[in-house]
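Heads up: the structure comes next, in structure tokens.
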Amino acid sequence: MSDHSTDQGTEDGSNELRMGSLEVRLAESTAEIEAAQALRYRVFYEEMAAVPSEEMAARRRDFDEFDALCDHLLVIDHARGTGPEKVVGTYRLIRRPAAEKAGRFYSSAEYDITPFINYPGQVLELGRSCVDAAYRTRGSMQLLWRGIAAYVFHHDIEIMFGCASLPGTDPQALAEPLSYLHYHHLAPPELRPVALPGLRVDMALMPRDQINVKRALVELPPLIKGYLRLGGYVGEGAVIDHQFNTTDVSIVVKTDLITDKYFKHYERRSRDAQIA
């Protein structure tokens with residue numbers, strides 16, 4: 001996968017990035033980026049009660065200064081035609097070149113991400129993940145992750161990070177899942193983002209021995225559980241995002257812990273091509 005193109009079809013095996021009428025690939029045009037923004041608006045602002053700006057409400061799109069600079073991973077349903085309704089899932093991918101053009105990574109508004117800015121290898125910020133309500137199936141999410149795995153392999157990404165959200169803005173109502181994350185999945189110091197002063201909310205809201213792990217896991221959003229299954233960590237402190245009506249945590253994933261069979265598939269294909 002290269003910026004704003006879809007060469008993964010020949011390099012990584014396009015059959016692995018298709019599932020029935022669904023395909024995962026990068027946005028190829030401004031119209032497709034706008035379709036992703038429209039999907040984000042429907043999910044974040046209409047379904048999850050985020051608060052749009054007047055311009056966002058008028059356009060019915062979620063957008064910011066990063067959208068023109070980054071890559072947009074899309075799940076496309078070809079059965080829905082060629083219009084904007086074909087985009088049924090999206091992820092925003094920000095690498096260093098895009099962050100340098102923007103002057104920062106998105107998460108730096110909430111967290112001190114010095115460990116990633118100074119990291120010697122390639123890093124990738126993940127964000128704005130959403131899927132149309134009718135497509136929230138295991139298959140759709142697997143397809144998104146196949147796309148991310150292909151992108152990570154193609155760009156030699158070593159660290160993925162970003163903000164992930166729990167619904168609502170009352171930390172006490174989220175005390176058990178937040179405490180569970182803090183005690184069981186805190187990032188090692190050298191990879192640990194820290195919530196900015198003035199925004200930081202303590203995540204250790206109840207004693208460790210009082211946490212019901214099974215119940216805490218049930219309360220965690222599927223996306224955060226997906227990161228944890230990949231060996232992901234969380235940063236120090238949560239941040240309340242009143243615009244999006246969420247409580248955010250910082251997520252860190254070392255890609256060498258991604259043992260997903262699709263990632264292995266891409267690696268194997270690349271080696272086979274080199275041998276040939």
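In the structure tokens, each chain is lettered A, B, ... as it comes, each chain's residues begin at 1, and ligands are numbered from 1 in order of appearance.
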So that I can check the surroundings of stretch 151-168 of chain A, please list as a ChimeraX atom specification every protein, DNA and RNA residue that reaches within 7 Å of it, counting only C-alpha atoms and ignoring chain neighbours fewer than 2 positions away. /A:1,107,121-127,147-149,170,221,224,245-256
Backbone DSSP call of strand (DSSP E) for stretch 31-219 of chain A, listed as a PyMOL selection string: chain A and resi 71-77+87-95+111-112+122-131+157-167+194-195+200-201
Output file for the selection above: N, CA and C atoms, as a compact mmCIF listing (two decimals), in the first residue's frame:
# COMPACT_ATOMS: atom_id res chain seq x y z
N ASP A 71 -3.58 9.03 5.05
CA ASP A 71 -4.21 7.98 4.25
C ASP A 71 -5.52 7.58 4.92
N HIS A 72 -6.51 7.26 4.10
CA HIS A 72 -7.82 6.83 4.60
C HIS A 72 -8.05 5.39 4.15
N LEU A 73 -8.07 4.47 5.10
CA LEU A 73 -8.37 3.08 4.78
C LEU A 73 -9.89 2.92 4.72
N LEU A 74 -10.38 2.31 3.66
CA LEU A 74 -11.82 2.19 3.46
C LEU A 74 -12.24 0.73 3.32
N VAL A 75 -13.42 0.41 3.87
CA VAL A 75 -14.11 -0.82 3.49
C VAL A 75 -15.21 -0.40 2.53
N ILE A 76 -15.19 -0.97 1.33
CA ILE A 76 -16.13 -0.60 0.28
C ILE A 76 -17.02 -1.79 -0.03
N ASP A 77 -18.32 -1.55 -0.09
CA ASP A 77 -19.26 -2.59 -0.51
C ASP A 77 -19.66 -2.30 -1.96
N VAL A 87 -18.97 3.38 0.81
CA VAL A 87 -17.99 3.35 1.90
C VAL A 87 -18.69 3.00 3.20
N VAL A 88 -18.39 1.81 3.74
CA VAL A 88 -19.11 1.32 4.93
C VAL A 88 -18.20 1.16 6.14
N GLY A 89 -16.92 1.43 5.97
CA GLY A 89 -15.99 1.38 7.10
C GLY A 89 -14.78 2.24 6.78
N THR A 90 -14.13 2.77 7.81
CA THR A 90 -12.95 3.60 7.56
C THR A 90 -12.03 3.65 8.78
N TYR A 91 -10.77 3.91 8.50
CA TYR A 91 -9.74 4.12 9.52
C TYR A 91 -8.84 5.21 8.98
N ARG A 92 -8.41 6.11 9.83
CA ARG A 92 -7.49 7.17 9.39
C ARG A 92 -6.07 6.81 9.83
N LEU A 93 -5.14 6.87 8.88
CA LEU A 93 -3.77 6.43 9.11
C LEU A 93 -2.81 7.60 8.92
N ILE A 94 -2.10 7.96 9.99
CA ILE A 94 -1.19 9.12 9.95
C ILE A 94 0.22 8.65 10.25
N ARG A 95 1.11 8.80 9.25
CA ARG A 95 2.53 8.50 9.44
C ARG A 95 3.31 9.80 9.65
N TYR A 111 -2.31 13.91 24.69
CA TYR A 111 -1.26 13.15 25.36
C TYR A 111 0.13 13.66 24.99
N ASP A 112 1.06 13.52 25.93
CA ASP A 112 2.48 13.71 25.64
C ASP A 112 2.94 12.43 24.96
N GLN A 122 9.71 3.33 12.25
CA GLN A 122 8.49 3.90 11.67
C GLN A 122 7.31 3.73 12.63
N VAL A 123 6.52 4.80 12.76
CA VAL A 123 5.35 4.77 13.64
C VAL A 123 4.11 5.15 12.83
N LEU A 124 2.95 4.71 13.33
CA LEU A 124 1.68 4.97 12.66
C LEU A 124 0.62 5.32 13.69
N GLU A 125 -0.04 6.46 13.48
CA GLU A 125 -1.14 6.84 14.35
C GLU A 125 -2.46 6.40 13.72
N LEU A 126 -3.24 5.64 14.49
CA LEU A 126 -4.55 5.18 14.05
C LEU A 126 -5.63 6.05 14.65
N GLY A 127 -6.70 6.33 13.91
CA GLY A 127 -7.79 7.11 14.47
C GLY A 127 -9.01 7.10 13.58
N ARG A 128 -10.07 7.75 14.09
CA ARG A 128 -11.33 7.92 13.36
C ARG A 128 -11.86 6.60 12.81
N SER A 129 -11.74 5.54 13.60
CA SER A 129 -12.25 4.24 13.17
C SER A 129 -13.76 4.17 13.33
N CYS A 130 -14.45 3.79 12.28
CA CYS A 130 -15.89 3.56 12.42
C CYS A 130 -16.38 2.67 11.28
N VAL A 131 -17.48 1.97 11.57
CA VAL A 131 -18.11 1.07 10.62
C VAL A 131 -19.61 1.34 10.64
N ILE A 157 6.09 -0.47 9.55
CA ILE A 157 5.68 0.18 10.80
C ILE A 157 6.05 -0.70 11.99
N GLU A 158 6.68 -0.12 13.01
CA GLU A 158 7.06 -0.86 14.21
C GLU A 158 6.14 -0.58 15.39
N ILE A 159 5.57 0.63 15.45
CA ILE A 159 4.69 1.02 16.56
C ILE A 159 3.42 1.65 15.99
N MET A 160 2.27 1.18 16.46
CA MET A 160 1.00 1.83 16.17
C MET A 160 0.49 2.46 17.46
N PHE A 161 -0.10 3.64 17.36
CA PHE A 161 -0.64 4.29 18.54
C PHE A 161 -1.84 5.14 18.14
N GLY A 162 -2.55 5.63 19.15
CA GLY A 162 -3.69 6.49 18.88
C GLY A 162 -4.60 6.54 20.10
N CYS A 163 -5.66 7.31 19.99
CA CYS A 163 -6.65 7.39 21.06
C CYS A 163 -7.81 6.47 20.75
N ALA A 164 -8.25 5.73 21.75
CA ALA A 164 -9.46 4.91 21.63
C ALA A 164 -10.44 5.37 22.69
N SER A 165 -11.71 5.17 22.43
CA SER A 165 -12.73 5.81 23.27
C SER A 165 -13.65 4.81 23.96
N LEU A 166 -14.03 5.18 25.18
CA LEU A 166 -15.11 4.52 25.88
C LEU A 166 -16.29 5.49 25.88
N PRO A 167 -17.52 5.01 25.76
CA PRO A 167 -18.66 5.91 25.65
C PRO A 167 -18.95 6.66 26.95
N VAL A 194 1.53 9.95 28.21
CA VAL A 194 0.96 10.46 29.47
C VAL A 194 -0.01 11.58 29.14
N ALA A 195 -1.21 11.49 29.72
CA ALA A 195 -2.21 12.53 29.47
C ALA A 195 -1.68 13.90 29.89
N ARG A 200 -5.66 15.30 32.30
CA ARG A 200 -5.51 13.94 32.82
C ARG A 200 -6.57 13.59 33.87
N VAL A 201 -7.19 12.43 33.67
CA VAL A 201 -8.12 11.85 34.63
C VAL A 201 -7.51 10.53 35.09
For atom CA of A:Cys70 and atom CA of A:Ala187, the interatomic separation in Å (one decimal):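 One can read the atom CA of A:Cys70 to atom CA of A:Ala187 distance as 26.0 Å.
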Could you pull the residues within 10 Å of A:Val51, counting only C-alpha atoms, minus those fewer than 5 positions along the same chain, as a list in words? Phe44, Tyr45, Glu46, Met56, Ala57, His242, Gln243, Phe244 and Asn245 of chain A
Residues from last step as file, N, CA, C and O atoms, as an mmCIF file, in the first residue's frame:
data_model
loop_
_atom_site.group_PDB
_atom_site.id
_atom_site.type_symbol
_atom_site.label_atom_id
_atom_site.label_comp_id
_atom_site.auth_asym_id
_atom_site.auth_seq_id
_atom_site.Cartn_x
_atom_site.Cartn_y
_atom_site.Cartn_z
ATOM 1 N N PHE A 44 -20.397 9.161 14.443
ATOM 2 C CA PHE A 44 -19.970 9.925 15.614
ATOM 3 C C PHE A 44 -21.014 10.951 16.074
ATOM 4 O O PHE A 44 -21.254 11.099 17.268
ATOM 5 N N TYR A 45 -21.615 11.660 15.133
ATOM 6 C CA TYR A 45 -22.472 12.791 15.496
ATOM 7 C C TYR A 45 -23.956 12.431 15.568
ATOM 8 O O TYR A 45 -24.671 12.946 16.413
ATOM 9 N N GLU A 46 -24.408 11.542 14.696
ATOM 10 C CA GLU A 46 -25.826 11.177 14.723
ATOM 11 C C GLU A 46 -26.087 9.996 15.642
ATOM 12 O O GLU A 46 -27.061 9.985 16.388
ATOM 13 N N MET A 56 -19.547 21.543 10.106
ATOM 14 C CA MET A 56 -19.720 20.095 10.002
ATOM 15 C C MET A 56 -21.193 19.738 9.857
ATOM 16 O O MET A 56 -21.571 18.892 9.034
ATOM 17 N N ALA A 57 -22.035 20.367 10.659
ATOM 18 C CA ALA A 57 -23.467 20.080 10.605
ATOM 19 C C ALA A 57 -24.048 20.455 9.243
ATOM 20 O O ALA A 57 -24.897 19.740 8.694
ATOM 21 N N HIS A 242 -15.281 16.076 25.366
ATOM 22 C CA HIS A 242 -16.680 16.510 25.419
ATOM 23 C C HIS A 242 -17.285 16.638 24.028
ATOM 24 O O HIS A 242 -18.490 16.416 23.858
ATOM 25 N N GLN A 243 -16.463 16.976 23.026
ATOM 26 C CA GLN A 243 -17.015 17.084 21.670
ATOM 27 C C GLN A 243 -17.551 15.740 21.192
ATOM 28 O O GLN A 243 -18.624 15.660 20.594
ATOM 29 N N PHE A 244 -16.798 14.673 21.461
ATOM 30 C CA PHE A 244 -17.195 13.356 20.980
ATOM 31 C C PHE A 244 -17.987 12.555 22.013
ATOM 32 O O PHE A 244 -18.355 11.410 21.749
ATOM 33 N N ASN A 245 -18.225 13.143 23.197
ATOM 34 C CA ASN A 245 -19.013 12.478 24.229
ATOM 35 C C ASN A 245 -18.372 11.150 24.651
ATOM 36 O O ASN A 245 -19.044 10.129 24.804
#
Choose the residue, out of A:Gly232, A:Ala102, A:Leu223, A:Val43, that has the smallest atom-to-atom separation from A:Ala134; count only C-alpha atoms. A:Val43
Counting only C-alpha atoms, the residue of A:Arg136, A:Arg192, A:Lys86, A:Arg146 that sits nearest A:Leu17: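 The closest residue to A:Leu17 is A:Arg146.
Interatomic distance, atom CA of A:Pro189 to atom CA of A:Ile117: 14.7 Å.
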What parts of stretch 34-125 of chain A does DSSP call helix (DSSP H, G or I)? I'd like the answer as JSON, numbers by chain. {"A": [34, 35, 36, 37, 38, 39, 40, 41, 42, 43, 44, 45, 46, 47, 54, 55, 56, 57, 58, 59, 78, 79, 80, 84, 85, 86, 96, 97, 98, 99, 100, 101, 102, 106, 107, 108, 109, 114, 115, 116, 117]}
Take the residues just selected and output them with N, CA and C atoms as a tab-separated table (two decimals), in the first residue's frame.
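The result, written out as part21.tsv:
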chain	number	residue	atom	x	y	z
A	34	GLU	N	-14.36	12.19	1.16
A	34	GLU	CA	-15.59	12.84	1.62
A	34	GLU	C	-16.64	11.81	2.01
A	35	ALA	N	-16.67	10.68	1.33
A	35	ALA	CA	-17.60	9.61	1.70
A	35	ALA	C	-17.24	9.04	3.07
A	36	ALA	N	-15.92	8.92	3.34
A	36	ALA	CA	-15.48	8.46	4.66
A	36	ALA	C	-15.86	9.47	5.73
A	37	GLN	N	-15.71	10.75	5.42
A	37	GLN	CA	-16.10	11.81	6.37
A	37	GLN	C	-17.60	11.78	6.64
A	38	ALA	N	-18.39	11.48	5.62
A	38	ALA	CA	-19.85	11.40	5.80
A	38	ALA	C	-20.21	10.21	6.69
A	39	LEU	N	-19.52	9.10	6.50
A	39	LEU	CA	-19.74	7.94	7.37
A	39	LEU	C	-19.36	8.28	8.80
A	40	ARG	N	-18.22	8.94	8.98
A	40	ARG	CA	-17.80	9.35	10.33
A	40	ARG	C	-18.85	10.25	10.96
A	41	TYR	N	-19.43	11.15	10.17
A	41	TYR	CA	-20.45	12.05	10.72
A	41	TYR	C	-21.66	11.26	11.20
A	42	ARG	N	-22.11	10.32	10.38
A	42	ARG	CA	-23.29	9.53	10.76
A	42	ARG	C	-23.04	8.75	12.05
A	43	VAL	N	-21.86	8.16	12.16
A	43	VAL	CA	-21.57	7.33	13.33
A	43	VAL	C	-21.29	8.19	14.57
A	44	PHE	N	-20.40	9.16	14.44
A	44	PHE	CA	-19.97	9.92	15.61
A	44	PHE	C	-21.01	10.95	16.07
A	45	TYR	N	-21.62	11.66	15.13
A	45	TYR	CA	-22.47	12.79	15.50
A	45	TYR	C	-23.96	12.43	15.57
A	46	GLU	N	-24.41	11.54	14.70
A	46	GLU	CA	-25.83	11.18	14.72
A	46	GLU	C	-26.09	10.00	15.64
A	47	GLU	N	-25.19	9.01	15.61
A	47	GLU	CA	-25.41	7.81	16.42
A	47	GLU	C	-24.86	7.95	17.83
A	54	GLU	N	-20.70	24.16	13.38
A	54	GLU	CA	-21.75	24.57	12.45
A	54	GLU	C	-21.43	24.12	11.03
A	55	GLU	N	-20.15	24.22	10.66
A	55	GLU	CA	-19.76	23.83	9.31
A	55	GLU	C	-19.91	22.33	9.09
A	56	MET	N	-19.55	21.54	10.11
A	56	MET	CA	-19.72	20.10	10.00
A	56	MET	C	-21.19	19.74	9.86
A	57	ALA	N	-22.04	20.37	10.66
A	57	ALA	CA	-23.47	20.08	10.61
A	57	ALA	C	-24.05	20.46	9.24
A	58	ALA	N	-23.57	21.56	8.69
A	58	ALA	CA	-24.07	22.00	7.38
A	58	ALA	C	-23.64	21.04	6.29
A	59	ARG	N	-22.41	20.55	6.37
A	59	ARG	CA	-21.89	19.64	5.34
A	59	ARG	C	-22.24	18.18	5.63
A	78	HIS	N	-19.12	-3.10	-2.86
A	78	HIS	CA	-19.38	-2.88	-4.28
A	78	HIS	C	-20.84	-3.13	-4.65
A	79	ALA	N	-21.56	-3.83	-3.77
A	79	ALA	CA	-22.98	-4.08	-4.04
A	79	ALA	C	-23.82	-2.82	-3.85
A	80	ARG	N	-23.24	-1.78	-3.26
A	80	ARG	CA	-23.98	-0.54	-3.02
A	80	ARG	C	-23.71	0.51	-4.10
A	84	PRO	N	-21.22	7.61	-2.70
A	84	PRO	CA	-20.63	7.67	-1.36
A	84	PRO	C	-21.13	6.58	-0.42
A	85	GLU	N	-22.34	6.06	-0.70
A	85	GLU	CA	-22.90	5.02	0.18
A	85	GLU	C	-22.09	3.72	0.13
A	86	LYS	N	-21.17	3.60	-0.86
A	86	LYS	CA	-20.37	2.37	-0.97
A	86	LYS	C	-19.36	2.25	0.17
A	96	ARG	N	4.58	9.68	9.91
A	96	ARG	CA	5.39	10.85	10.24
A	96	ARG	C	5.33	11.96	9.18
A	97	PRO	N	5.43	11.63	7.88
A	97	PRO	CA	5.40	12.71	6.89
A	97	PRO	C	4.12	13.56	6.97
A	98	ALA	N	2.98	12.90	7.19
A	98	ALA	CA	1.72	13.65	7.32
A	98	ALA	C	1.71	14.47	8.59
A	99	ALA	N	2.21	13.89	9.70
A	99	ALA	CA	2.24	14.63	10.97
A	99	ALA	C	3.16	15.85	10.86
A	100	GLU	N	4.27	15.69	10.14
A	100	GLU	CA	5.20	16.82	9.97
A	100	GLU	C	4.54	17.95	9.19
A	101	LYS	N	3.76	17.60	8.18
A	101	LYS	CA	3.05	18.62	7.41
A	101	LYS	C	2.00	19.32	8.27
A	102	ALA	N	1.35	18.55	9.14
A	102	ALA	CA	0.32	19.13	10.01
A	102	ALA	C	0.93	19.86	11.19
A	106	TYR	N	-2.29	13.85	15.74
A	106	TYR	CA	-3.61	14.17	16.30
A	106	TYR	C	-3.62	14.00	17.82
A	107	SER	N	-3.07	12.86	18.31
A	107	SER	CA	-3.16	12.57	19.75
A	107	SER	C	-2.40	13.51	20.64
A	108	SER	N	-1.50	14.32	20.05
A	108	SER	CA	-0.72	15.23	20.88
A	108	SER	C	-1.57	16.33	21.51
A	109	ALA	N	-2.83	16.47	21.08
A	109	ALA	CA	-3.74	17.42	21.72
A	109	ALA	C	-4.20	16.91	23.08
A	114	THR	N	5.85	11.96	23.33
A	114	THR	CA	7.29	12.04	23.08
A	114	THR	C	7.91	10.68	22.74
A	115	PRO	N	7.49	9.57	23.40
A	115	PRO	CA	8.10	8.27	23.05
A	115	PRO	C	7.95	7.91	21.57
A	116	PHE	N	6.88	8.34	20.93
A	116	PHE	CA	6.67	8.00	19.53
A	116	PHE	C	7.34	9.01	18.60
A	117	ILE	N	7.36	10.26	19.02
A	117	ILE	CA	8.04	11.28	18.21
A	117	ILE	C	9.53	10.96	18.14
Rounded to one decimal, what separation in Å do you get between atom CA of A:Leu220 and atom CA of A:Arg61?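 Going from atom CA of A:Leu220 over to atom CA of A:Arg61 covers 27.1 Å.
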So that I can check the surroundings of A:Pro177, please list as a list in words every protein, DNA and RNA residue that reaches within 9 Å of it, counting only C-alpha atoms and ignoring chain neighbours fewer than 6 positions away.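 So the residues in contact are Met203, Ile211, Val213, Arg215, Ala216, Leu217, Val218, Glu219 and Leu220 of chain A.
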Can you spit out the residues from that selection as a PDB file, in the first residue's frame, using N, CA and C atoms?
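Below you can see out.pdb, which holds the result:
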ATOM      1  N   MET A 203      -6.946   6.857  36.026  1.00  0.00           N
ATOM      2  CA  MET A 203      -7.620   5.635  35.593  1.00  0.00           C
ATOM      3  C   MET A 203      -7.738   4.612  36.716  1.00  0.00           C
ATOM      4  N   ILE A 211     -11.500  -5.408  41.319  1.00  0.00           N
ATOM      5  CA  ILE A 211     -11.915  -5.426  39.913  1.00  0.00           C
ATOM      6  C   ILE A 211     -12.404  -6.815  39.522  1.00  0.00           C
ATOM      7  N   VAL A 213     -12.584  -8.850  36.567  1.00  0.00           N
ATOM      8  CA  VAL A 213     -11.960  -8.795  35.243  1.00  0.00           C
ATOM      9  C   VAL A 213     -12.944  -9.147  34.144  1.00  0.00           C
ATOM     10  N   ARG A 215     -16.176  -8.834  34.076  1.00  0.00           N
ATOM     11  CA  ARG A 215     -17.139  -7.743  33.889  1.00  0.00           C
ATOM     12  C   ARG A 215     -16.475  -6.540  33.219  1.00  0.00           C
ATOM     13  N   ALA A 216     -15.242  -6.259  33.602  1.00  0.00           N
ATOM     14  CA  ALA A 216     -14.518  -5.132  33.004  1.00  0.00           C
ATOM     15  C   ALA A 216     -14.328  -5.342  31.509  1.00  0.00           C
ATOM     16  N   LEU A 217     -13.996  -6.565  31.111  1.00  0.00           N
ATOM     17  CA  LEU A 217     -13.797  -6.869  29.700  1.00  0.00           C
ATOM     18  C   LEU A 217     -15.091  -6.726  28.913  1.00  0.00           C
ATOM     19  N   VAL A 218     -16.202  -7.123  29.526  1.00  0.00           N
ATOM     20  CA  VAL A 218     -17.496  -6.982  28.858  1.00  0.00           C
ATOM     21  C   VAL A 218     -17.804  -5.511  28.585  1.00  0.00           C
ATOM     22  N   GLU A 219     -17.384  -4.639  29.496  1.00  0.00           N
ATOM     23  CA  GLU A 219     -17.682  -3.209  29.369  1.00  0.00           C
ATOM     24  C   GLU A 219     -16.758  -2.494  28.383  1.00  0.00           C
ATOM     25  N   LEU A 220     -15.639  -3.113  28.027  1.00  0.00           N
ATOM     26  CA  LEU A 220     -14.716  -2.466  27.091  1.00  0.00           C
ATOM     27  C   LEU A 220     -15.266  -2.519  25.667  1.00  0.00           C
TER      28      LEU A 220
END
Have a look at A:Leu230, A:Leu174, A:Leu22, A:Ala49 and name the one nearest to A:Leu143; count only C-alpha atoms.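 Among A:Leu230, A:Leu174, A:Leu22, A:Ala49, it is A:Leu22 that comes nearest to A:Leu143.
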